[in-house]
>>> print(open('start-v3.pdb').read())   # PDB, C-alpha atoms
ATOM      1  CA  MET A  16     109.025  87.681 107.791
ATOM      2  CA  PHE A  17     107.637  87.591 111.322
ATOM      3  CA  THR A  18     110.685  86.555 113.339
ATOM      4  CA  GLY A  19     110.263  87.517 116.982
ATOM      5  CA  LEU A  20     106.812  89.027 116.427
ATOM      6  CA  LEU A  21     104.275  86.194 116.658
ATOM      7  CA  ILE A  22     103.067  85.253 120.144
ATOM      8  CA  CYS A  23     101.054  82.105 120.936
ATOM      9  CA  GLY A  24      97.638  83.131 122.225
ATOM     10  CA  SER A  25      97.424  80.047 124.448
ATOM     11  CA  CYS A  26     100.725  80.165 126.353
ATOM     12  CA  GLY A  27     102.442  83.448 125.431
ATOM     13  CA  THR A  28     105.498  81.826 123.826
ATOM     14  CA  THR A  29     107.142  83.459 120.816
ATOM     15  CA  LEU A  30     106.426  81.288 117.771
ATOM     16  CA  SER A  31     109.271  79.591 115.892
ATOM     17  CA  SER A  32     109.523  79.135 112.155
ATOM     18  CA  MET A  33     109.664  75.882 110.257
ATOM     19  CA  LYS A  34     110.108  75.374 106.564
ATOM     20  CA  SER A  35     107.545  73.346 104.720
ATOM     21  CA  GLN A  36     107.384  72.169 101.153
ATOM     22  CA  TRP A  37     105.121  75.009 100.011
ATOM     23  CA  ASN A  38     105.586  77.882 102.432
ATOM     24  CA  ASN A  39     106.915  78.858 105.840
ATOM     25  CA  ARG A  40     104.950  77.974 108.934
ATOM     26  CA  TRP A  41     105.099  79.243 112.494
ATOM     27  CA  TYR A  42     104.535  76.980 115.484
ATOM     28  CA  CYS A  43     104.564  76.994 119.267
ATOM     29  CA  ARG A  44     107.508  74.946 120.605
ATOM     30  CA  LYS A  45     105.730  74.305 123.902
ATOM     31  CA  ALA A  46     103.016  72.392 122.027
ATOM     32  CA  HIS A  47     105.564  69.693 121.060
ATOM     33  CA  LEU A  48     106.403  69.089 124.730
ATOM     34  CA  ASP A  49     103.013  69.670 126.331
ATOM     35  CA  THR A  50     100.184  67.448 125.121
ATOM     36  CA  SER A  51      97.660  69.605 126.976
ATOM     37  CA  HIS A  52      98.599  72.629 124.826
ATOM     38  CA  PRO A  53      95.566  73.637 122.745
ATOM     39  CA  ARG A  54      95.506  72.688 119.095
ATOM     40  CA  PRO A  55      96.083  73.963 116.455
ATOM     41  CA  TYR A  56      99.568  75.218 117.254
ATOM     42  CA  LYS A  57     100.801  76.009 113.713
ATOM     43  CA  VAL A  58      99.978  78.810 111.305
ATOM     44  CA  SER A  59     100.968  79.499 107.713
ATOM     45  CA  GLU A  60     103.095  82.585 107.162
ATOM     46  CA  ARG A  61     100.860  83.452 104.204
ATOM     47  CA  LYS A  62      97.789  83.701 106.471
ATOM     48  CA  VAL A  63      99.639  86.015 108.829
ATOM     49  CA  MET A  64     100.957  88.092 105.919
ATOM     50  CA  LEU A  65      97.451  88.553 104.438
ATOM     51  CA  TRP A  66      96.151  89.621 107.863
ATOM     52  CA  ALA A  67      99.065  92.055 108.336
ATOM     53  CA  GLN A  68      98.575  93.584 104.896
ATOM     54  CA  ALA A  69      94.866  94.098 105.568
ATOM     55  CA  LEU A  70      95.610  95.637 108.979
ATOM     56  CA  LEU A  71      98.134  98.109 107.560
ATOM     57  CA  ASP A  72      95.835  98.989 104.653
ATOM     58  CA  GLY A  73      93.076  99.572 107.210
ATOM     59  CA  ALA A  74      95.352 101.890 109.205
ATOM     60  CA  ARG A  75      95.874 104.031 106.126
ATOM     61  CA  THR A  76      92.095 104.037 105.531
ATOM     62  CA  ILE A  77      91.574 105.294 109.097
ATOM     63  CA  VAL A  78      93.806 108.269 108.307
ATOM     64  CA  LEU A  79      91.740 109.140 105.262
ATOM     65  CA  SER A  80      88.432 108.683 107.075
ATOM     66  CA  HIS A  81      89.467 111.218 109.739
ATOM     67  CA  GLY A  82      89.798 113.851 107.033
ATOM     68  CA  SER A  83      92.518 115.148 104.814
ATOM     69  CA  LEU A  84      95.172 117.647 105.737
ATOM     70  CA  PRO A  85      93.913 121.259 105.703
ATOM     71  CA  ASP A  86      94.503 123.587 102.780
ATOM     72  CA  ALA A  87      97.184 125.815 104.281
ATOM     73  CA  GLY A  88      96.451 128.651 101.832
ATOM     74  CA  ALA A  89      92.755 128.753 102.735
ATOM     75  CA  VAL A  90      93.507 128.634 106.463
ATOM     76  CA  THR A  91      96.079 131.420 106.160
ATOM     77  CA  ALA A  92      93.582 133.559 104.204
ATOM     78  CA  ARG A  93      90.941 132.937 106.885
ATOM     79  CA  LEU A  94      93.399 133.992 109.616
ATOM     80  CA  ALA A  95      94.189 137.205 107.701
ATOM     81  CA  ASP A  96      90.456 137.832 107.371
ATOM     82  CA  LEU A  97      89.976 137.408 111.128
ATOM     83  CA  ASP A  98      92.892 139.756 111.862
ATOM     84  CA  ALA A  99      91.333 142.409 109.607
ATOM     85  CA  LYS A 100      88.000 141.952 111.398
ATOM     86  CA  ARG A 101      89.776 142.437 114.746
ATOM     87  CA  GLU A 102      91.270 145.703 113.498
ATOM     88  CA  ARG A 103      87.819 146.928 112.419
ATOM     89  CA  ILE A 104      86.370 146.123 115.866
ATOM     90  CA  VAL A 105      89.189 148.042 117.566
ATOM     91  CA  ASP A 106      88.650 150.974 115.171
ATOM     92  CA  MET A 107      84.891 150.951 115.839
ATOM     93  CA  TYR A 108      85.577 151.127 119.579
ATOM     94  CA  ALA A 109      88.054 153.973 119.054
ATOM     95  CA  ASP A 110      85.444 155.850 116.983
ATOM     96  CA  GLY A 111      82.847 155.391 119.711
ATOM     97  CA  THR A 112      80.599 153.141 117.605
ATOM     98  CA  LEU A 113      80.987 150.258 120.083
ATOM     99  CA  THR A 114      80.889 150.261 123.854
ATOM    100  CA  LYS A 115      83.588 148.496 125.860
ATOM    101  CA  PRO A 116      81.349 145.469 126.685
ATOM    102  CA  GLN A 117      80.351 145.160 123.010
ATOM    103  CA  ARG A 118      84.000 145.348 121.944
ATOM    104  CA  ASP A 119      85.081 142.735 124.505
ATOM    105  CA  SER A 120      82.266 140.376 123.526
ATOM    106  CA  ARG A 121      83.076 140.590 119.807
ATOM    107  CA  LEU A 122      86.831 140.241 120.403
ATOM    108  CA  ALA A 123      86.271 137.155 122.579
ATOM    109  CA  LEU A 124      84.200 135.476 119.851
ATOM    110  CA  LEU A 125      86.800 136.455 117.286
ATOM    111  CA  ALA A 126      89.653 135.103 119.436
ATOM    112  CA  ALA A 127      87.862 131.758 119.810
ATOM    113  CA  ASP A 128      87.278 131.555 116.045
ATOM    114  CA  ARG A 129      90.920 132.445 115.386
ATOM    115  CA  ALA A 130      92.178 129.787 117.827
ATOM    116  CA  LYS A 131      89.983 127.144 116.191
ATOM    117  CA  THR A 132      91.125 128.156 112.711
ATOM    118  CA  SER A 133      94.772 128.237 113.771
ATOM    119  CA  ALA A 134      94.452 124.798 115.376
ATOM    120  CA  SER A 135      93.378 123.339 112.039
ATOM    121  CA  LEU A 136      96.954 123.912 110.849
ATOM    122  CA  ASP A 137      98.281 121.760 113.707
ATOM    123  CA  LEU A 138      99.597 118.623 112.021
ATOM    124  CA  THR A 139     100.422 116.686 115.182
ATOM    125  CA  GLY A 140      97.123 114.810 115.120
ATOM    126  CA  PRO A 141      95.840 112.166 112.693
ATOM    127  CA  GLY A 142      97.806 113.700 109.797
ATOM    128  CA  LEU A 143     100.959 112.083 111.125
ATOM    129  CA  LEU A 144      99.442 108.628 110.803
ATOM    130  CA  SER A 145      99.997 108.778 107.072
ATOM    131  CA  LEU A 146     103.712 109.274 107.730
ATOM    132  CA  ARG A 147     104.117 105.868 109.388
ATOM    133  CA  PRO A 148     106.545 103.659 107.474
ATOM    134  CA  SER A 149     104.851 101.380 104.994
ATOM    135  CA  VAL A 150     105.934  97.809 104.367
ATOM    136  CA  ASP A 151     107.402  96.685 101.053
ATOM    137  CA  TRP A 152     105.964  93.162 100.903
ATOM    138  CA  ASP A 153     108.117  92.325  97.852
ATOM    139  CA  ALA A 154     111.362  92.961  99.769
ATOM    140  CA  PRO A 155     113.431  90.103 101.212
ATOM    141  CA  PRO A 156     111.935  88.603 104.407
ATOM    142  CA  ALA A 157     114.599  90.181 106.647
ATOM    143  CA  VAL A 158     113.731  93.649 105.326
ATOM    144  CA  VAL A 159     109.989  93.033 105.779
ATOM    145  CA  ASN A 160     110.662  91.827 109.345
ATOM    146  CA  LYS A 161     112.653  94.982 110.125
ATOM    147  CA  GLU A 162     109.860  97.193 108.781
ATOM    148  CA  LEU A 163     107.211  95.281 110.760
ATOM    149  CA  LYS A 164     109.287  95.477 113.946
ATOM    150  CA  ALA A 165     109.446  99.265 113.474
ATOM    151  CA  LEU A 166     105.630  99.258 113.658
ATOM    152  CA  TRP A 167     104.808  96.446 116.075
ATOM    153  CA  LYS A 168     106.126  95.053 119.335
ATOM    154  CA  SER A 169     104.318  91.768 118.683
ATOM    155  CA  VAL A 170     101.360  90.063 117.050
ATOM    156  CA  VAL A 171      99.226  88.023 119.444
ATOM    157  CA  MET A 172      97.586  84.935 117.965
ATOM    158  CA  ASN A 173      94.175  83.665 119.099
ATOM    159  CA  GLY A 174      93.383  80.103 120.228
ATOM    160  CA  GLY A 175      92.788  79.035 116.623
ATOM    161  CA  MET A 176      96.287  80.253 115.660
ATOM    162  CA  PHE A 177      95.043  83.204 113.669
ATOM    163  CA  PRO A 178      96.391  86.733 114.302
ATOM    164  CA  HIS A 179      94.227  88.376 116.940
ATOM    165  CA  ARG A 180      95.834  91.804 117.388
ATOM    166  CA  ALA A 181      99.033  93.711 116.782
ATOM    167  CA  VAL A 182     100.715  95.467 119.684
ATOM    168  CA  TRP A 183     101.920  98.746 118.175
ATOM    169  CA  HIS A 184     104.946 100.720 119.269
ATOM    170  CA  PRO A 185     103.439 103.852 120.884
ATOM    171  CA  THR A 186     104.073 107.204 119.223
ATOM    172  CA  ASP A 187     102.525 110.641 119.545
ATOM    173  CA  ALA A 188      99.680 109.646 117.227
ATOM    174  CA  TRP A 189      99.378 105.935 118.130
ATOM    175  CA  ASP A 190      99.018 103.990 121.340
ATOM    176  CA  GLU A 191      99.827 100.311 121.923
ATOM    177  CA  ASP A 192      96.628  99.078 120.263
ATOM    178  CA  GLY A 193      97.083 101.118 117.091
ATOM    179  CA  PRO A 194      95.730 104.391 115.767
ATOM    180  CA  ARG A 195      93.875 106.640 118.212
TER
END
>>> encode(input="start-v3.pdb", output="structure tokens")
Amino acid sequence: MFTGLLICGSCGTTLSSMKSQWNNRWYCRKAHLDTSHPRPYKVSERKVMLWAQALLDGARTIVLSHGSLPDAGAVTARLADLDAKRERIVDMYADGTLTKPQRDSRLALLAADRAKTSASLDLTGPGLLSLRPSVDWDAPPAVVNKELKALWKSVVMNGGMFPHRAVWHPTDAWDEDGPR
């Protein structure tokens, strides 16, 4: 499942897989040749999988904690309301009810409110995080590996051979260390 993704935290080598009686394990090849290599140097694929599942579930939770996508209908209605208010201000100036400085002040406040409201429809921010590909953990290992490689460049292990951090592929909404 993690072919080419796991990196030894001690020496930076890509971990290799080895079959065991009960499950797959990943190990650092340099540890077999170098007796000074820190121990442990093996990790169970199941431990890495549980960590990866929790990390990806946490990424989806981050999306939800930043707020849900805006109600486009409500935002559009608010924009129409602001446009109508702008027309009334212009009409009041034309009728002589407002002076030019009063008109300019009110239109500036209205323009700022409209820009803020319009920006809430911009879906290039955290909303895109929910569109990241999810991983089907029940798929064959090669498929899971392909899906993980679409998300991550690598997974760096710590000295105790437990996943320390994932190095994400940067996108518009994510940097190398994950969600912004």
>>> residues_near_point(input="start-v3.pdb", point="(80.2, 144.3, 117.8)", cutoff="9 Å", atoms="all atoms listed in the file", output="CSV table (one decimal) with C-alpha atoms, in the coordinates of the input")
chain,number,residue,atom,x,y,z
A,104,ILE,CA,86.4,146.1,115.9
A,107,MET,CA,84.9,151.0,115.8
A,108,TYR,CA,85.6,151.1,119.6
A,112,THR,CA,80.6,153.1,117.6
A,113,LEU,CA,81.0,150.3,120.1
A,114,THR,CA,80.9,150.3,123.9
A,117,GLN,CA,80.4,145.2,123.0
A,118,ARG,CA,84.0,145.3,121.9
A,119,ASP,CA,85.1,142.7,124.5
A,120,SER,CA,82.3,140.4,123.5
A,121,ARG,CA,83.1,140.6,119.8
A,122,LEU,CA,86.8,140.2,120.4
>>> residues_near_point(input="start-v3.pdb", point="(105.5, 82.6, 111.4)", cutoff="12 Å", atoms="only C-alpha atoms", output="number ranges by chain")
A: 16-23, 29-35, 38-43, 56-64, 67, 156, 160, 169-172, 176-178
>>> resolve_selection(input="start-v3.pdb", expression="the PyMOL selection byres ((chain A and resi 167) around 9)", output="PDB file with C-alpha atoms, in the coordinates of the input")
ATOM      1  CA  LEU A  20     106.812  89.027 116.427  1.00  0.00           C
ATOM      2  CA  GLU A 162     109.860  97.193 108.781  1.00  0.00           C
ATOM      3  CA  LEU A 163     107.211  95.281 110.760  1.00  0.00           C
ATOM      4  CA  LYS A 164     109.287  95.477 113.946  1.00  0.00           C
ATOM      5  CA  ALA A 165     109.446  99.265 113.474  1.00  0.00           C
ATOM      6  CA  LEU A 166     105.630  99.258 113.658  1.00  0.00           C
ATOM      7  CA  LYS A 168     106.126  95.053 119.335  1.00  0.00           C
ATOM      8  CA  SER A 169     104.318  91.768 118.683  1.00  0.00           C
ATOM      9  CA  VAL A 170     101.360  90.063 117.050  1.00  0.00           C
ATOM     10  CA  ALA A 181      99.033  93.711 116.782  1.00  0.00           C
ATOM     11  CA  VAL A 182     100.715  95.467 119.684  1.00  0.00           C
ATOM     12  CA  TRP A 183     101.920  98.746 118.175  1.00  0.00           C
ATOM     13  CA  HIS A 184     104.946 100.720 119.269  1.00  0.00           C
ATOM     14  CA  PRO A 185     103.439 103.852 120.884  1.00  0.00           C
ATOM     15  CA  GLU A 191      99.827 100.311 121.923  1.00  0.00           C
TER      16      GLU A 191
END
>>> closest_residue(input="start-v3.pdb", among="A:Asp153, A:Leu124, A:Leu71, A:Pro116", to="A:Lys100", atoms="all atoms listed in the file")
A:Leu124
>>> atom_distance(input="start-v3.pdb", atom1="atom CA of A:Arg93", atom2="atom CA of A:Ala123")
16.9 Å
>>> atom_distance(input="start-v3.pdb", atom1="atom CA of A:Gln68", atom2="atom CA of A:Lys45")
28.0 Å
>>> atom_distance(input="start-v3.pdb", atom1="atom CA of A:Gly24", atom2="atom CA of A:Gly174")
5.6 Å
>>> closest_residue(input="start-v3.pdb", among="A:Ala95, A:Thr50, A:Ala109, A:Ser25", to="A:Gly175", atoms="only C-alpha atoms")
A:Ser25
>>> build_atoms(input="start-v3.pdb", residues="stretch 145-180 of chain A", atoms="N, CA and C atoms", output="short mmCIF file (atom, residue, chain, number, x, y, z; two decimals), in the frame of the given file")
data_model
loop_
_atom_site.label_atom_id
_atom_site.label_comp_id
_atom_site.auth_asym_id
_atom_site.auth_seq_id
_atom_site.Cartn_x
_atom_site.Cartn_y
_atom_site.Cartn_z
N SER A 145 99.63 109.10 108.44
CA SER A 145 100.00 108.78 107.07
C SER A 145 101.50 108.76 106.88
N LEU A 146 102.26 109.26 107.85
CA LEU A 146 103.71 109.27 107.73
C LEU A 146 104.36 108.02 108.32
N ARG A 147 103.56 107.10 108.86
CA ARG A 147 104.12 105.87 109.39
C ARG A 147 104.80 105.11 108.25
N PRO A 148 105.88 104.39 108.56
CA PRO A 148 106.54 103.66 107.47
C PRO A 148 105.63 102.57 106.91
N SER A 149 105.63 102.44 105.62
CA SER A 149 104.85 101.38 104.99
C SER A 149 105.76 100.17 104.80
N VAL A 150 105.18 99.05 104.51
CA VAL A 150 105.93 97.81 104.37
C VAL A 150 106.00 97.43 102.89
N ASP A 151 107.20 97.16 102.42
CA ASP A 151 107.40 96.68 101.05
C ASP A 151 107.34 95.16 101.09
N TRP A 152 106.19 94.60 100.79
CA TRP A 152 105.96 93.16 100.90
C TRP A 152 106.77 92.37 99.88
N ASP A 153 107.31 93.02 98.86
CA ASP A 153 108.12 92.32 97.85
C ASP A 153 109.59 92.28 98.23
N ALA A 154 109.97 92.94 99.32
CA ALA A 154 111.36 92.96 99.77
C ALA A 154 111.73 91.60 100.36
N PRO A 155 113.02 91.35 100.55
CA PRO A 155 113.43 90.10 101.21
C PRO A 155 112.82 90.01 102.61
N PRO A 156 112.58 88.78 103.10
CA PRO A 156 111.94 88.60 104.41
C PRO A 156 112.60 89.36 105.56
N ALA A 157 113.91 89.46 105.56
CA ALA A 157 114.60 90.18 106.65
C ALA A 157 114.24 91.66 106.63
N VAL A 158 114.10 92.23 105.45
CA VAL A 158 113.73 93.65 105.33
C VAL A 158 112.28 93.85 105.78
N VAL A 159 111.39 92.95 105.37
CA VAL A 159 109.99 93.03 105.78
C VAL A 159 109.90 92.94 107.30
N ASN A 160 110.67 92.00 107.89
CA ASN A 160 110.66 91.83 109.34
C ASN A 160 111.12 93.10 110.04
N LYS A 161 112.15 93.74 109.52
CA LYS A 161 112.65 94.98 110.12
C LYS A 161 111.59 96.08 110.06
N GLU A 162 110.90 96.18 108.93
CA GLU A 162 109.86 97.19 108.78
C GLU A 162 108.68 96.91 109.73
N LEU A 163 108.31 95.64 109.86
CA LEU A 163 107.21 95.28 110.76
C LEU A 163 107.59 95.53 112.22
N LYS A 164 108.85 95.24 112.57
CA LYS A 164 109.29 95.48 113.95
C LYS A 164 109.36 96.97 114.27
N ALA A 165 109.49 97.82 113.25
CA ALA A 165 109.45 99.26 113.47
C ALA A 165 108.02 99.70 113.84
N LEU A 166 107.03 98.94 113.38
CA LEU A 166 105.63 99.26 113.66
C LEU A 166 105.10 98.56 114.91
N TRP A 167 105.44 97.28 115.06
CA TRP A 167 104.81 96.45 116.08
C TRP A 167 105.81 95.91 117.08
N LYS A 168 105.36 95.78 118.33
CA LYS A 168 106.13 95.05 119.34
C LYS A 168 105.91 93.55 119.15
N SER A 169 104.66 93.18 118.87
CA SER A 169 104.32 91.77 118.68
C SER A 169 102.97 91.65 118.01
N VAL A 170 102.67 90.41 117.58
CA VAL A 170 101.36 90.06 117.05
C VAL A 170 100.87 88.88 117.87
N VAL A 171 99.77 89.06 118.57
CA VAL A 171 99.23 88.02 119.44
C VAL A 171 98.24 87.18 118.64
N MET A 172 98.46 85.86 118.67
CA MET A 172 97.59 84.94 117.96
C MET A 172 96.40 84.58 118.88
N ASN A 173 95.30 84.13 118.28
CA ASN A 173 94.18 83.66 119.10
C ASN A 173 94.30 82.16 119.30
N GLY A 174 93.33 81.53 119.96
CA GLY A 174 93.38 80.10 120.23
C GLY A 174 93.36 79.24 118.97
N GLY A 175 92.83 79.76 117.89
CA GLY A 175 92.79 79.04 116.62
C GLY A 175 94.01 79.30 115.76
N MET A 176 95.04 79.91 116.35
CA MET A 176 96.29 80.25 115.66
C MET A 176 96.05 81.16 114.45
N PHE A 177 95.22 82.15 114.66
CA PHE A 177 95.04 83.20 113.67
C PHE A 177 95.39 84.52 114.36
N PRO A 178 96.03 85.46 113.65
CA PRO A 178 96.39 86.73 114.30
C PRO A 178 95.17 87.40 114.92
N HIS A 179 95.32 87.76 116.19
CA HIS A 179 94.23 88.38 116.94
C HIS A 179 94.38 89.89 116.99
N ARG A 180 95.60 90.36 117.35
CA ARG A 180 95.83 91.80 117.39
C ARG A 180 97.32 92.09 117.33
#
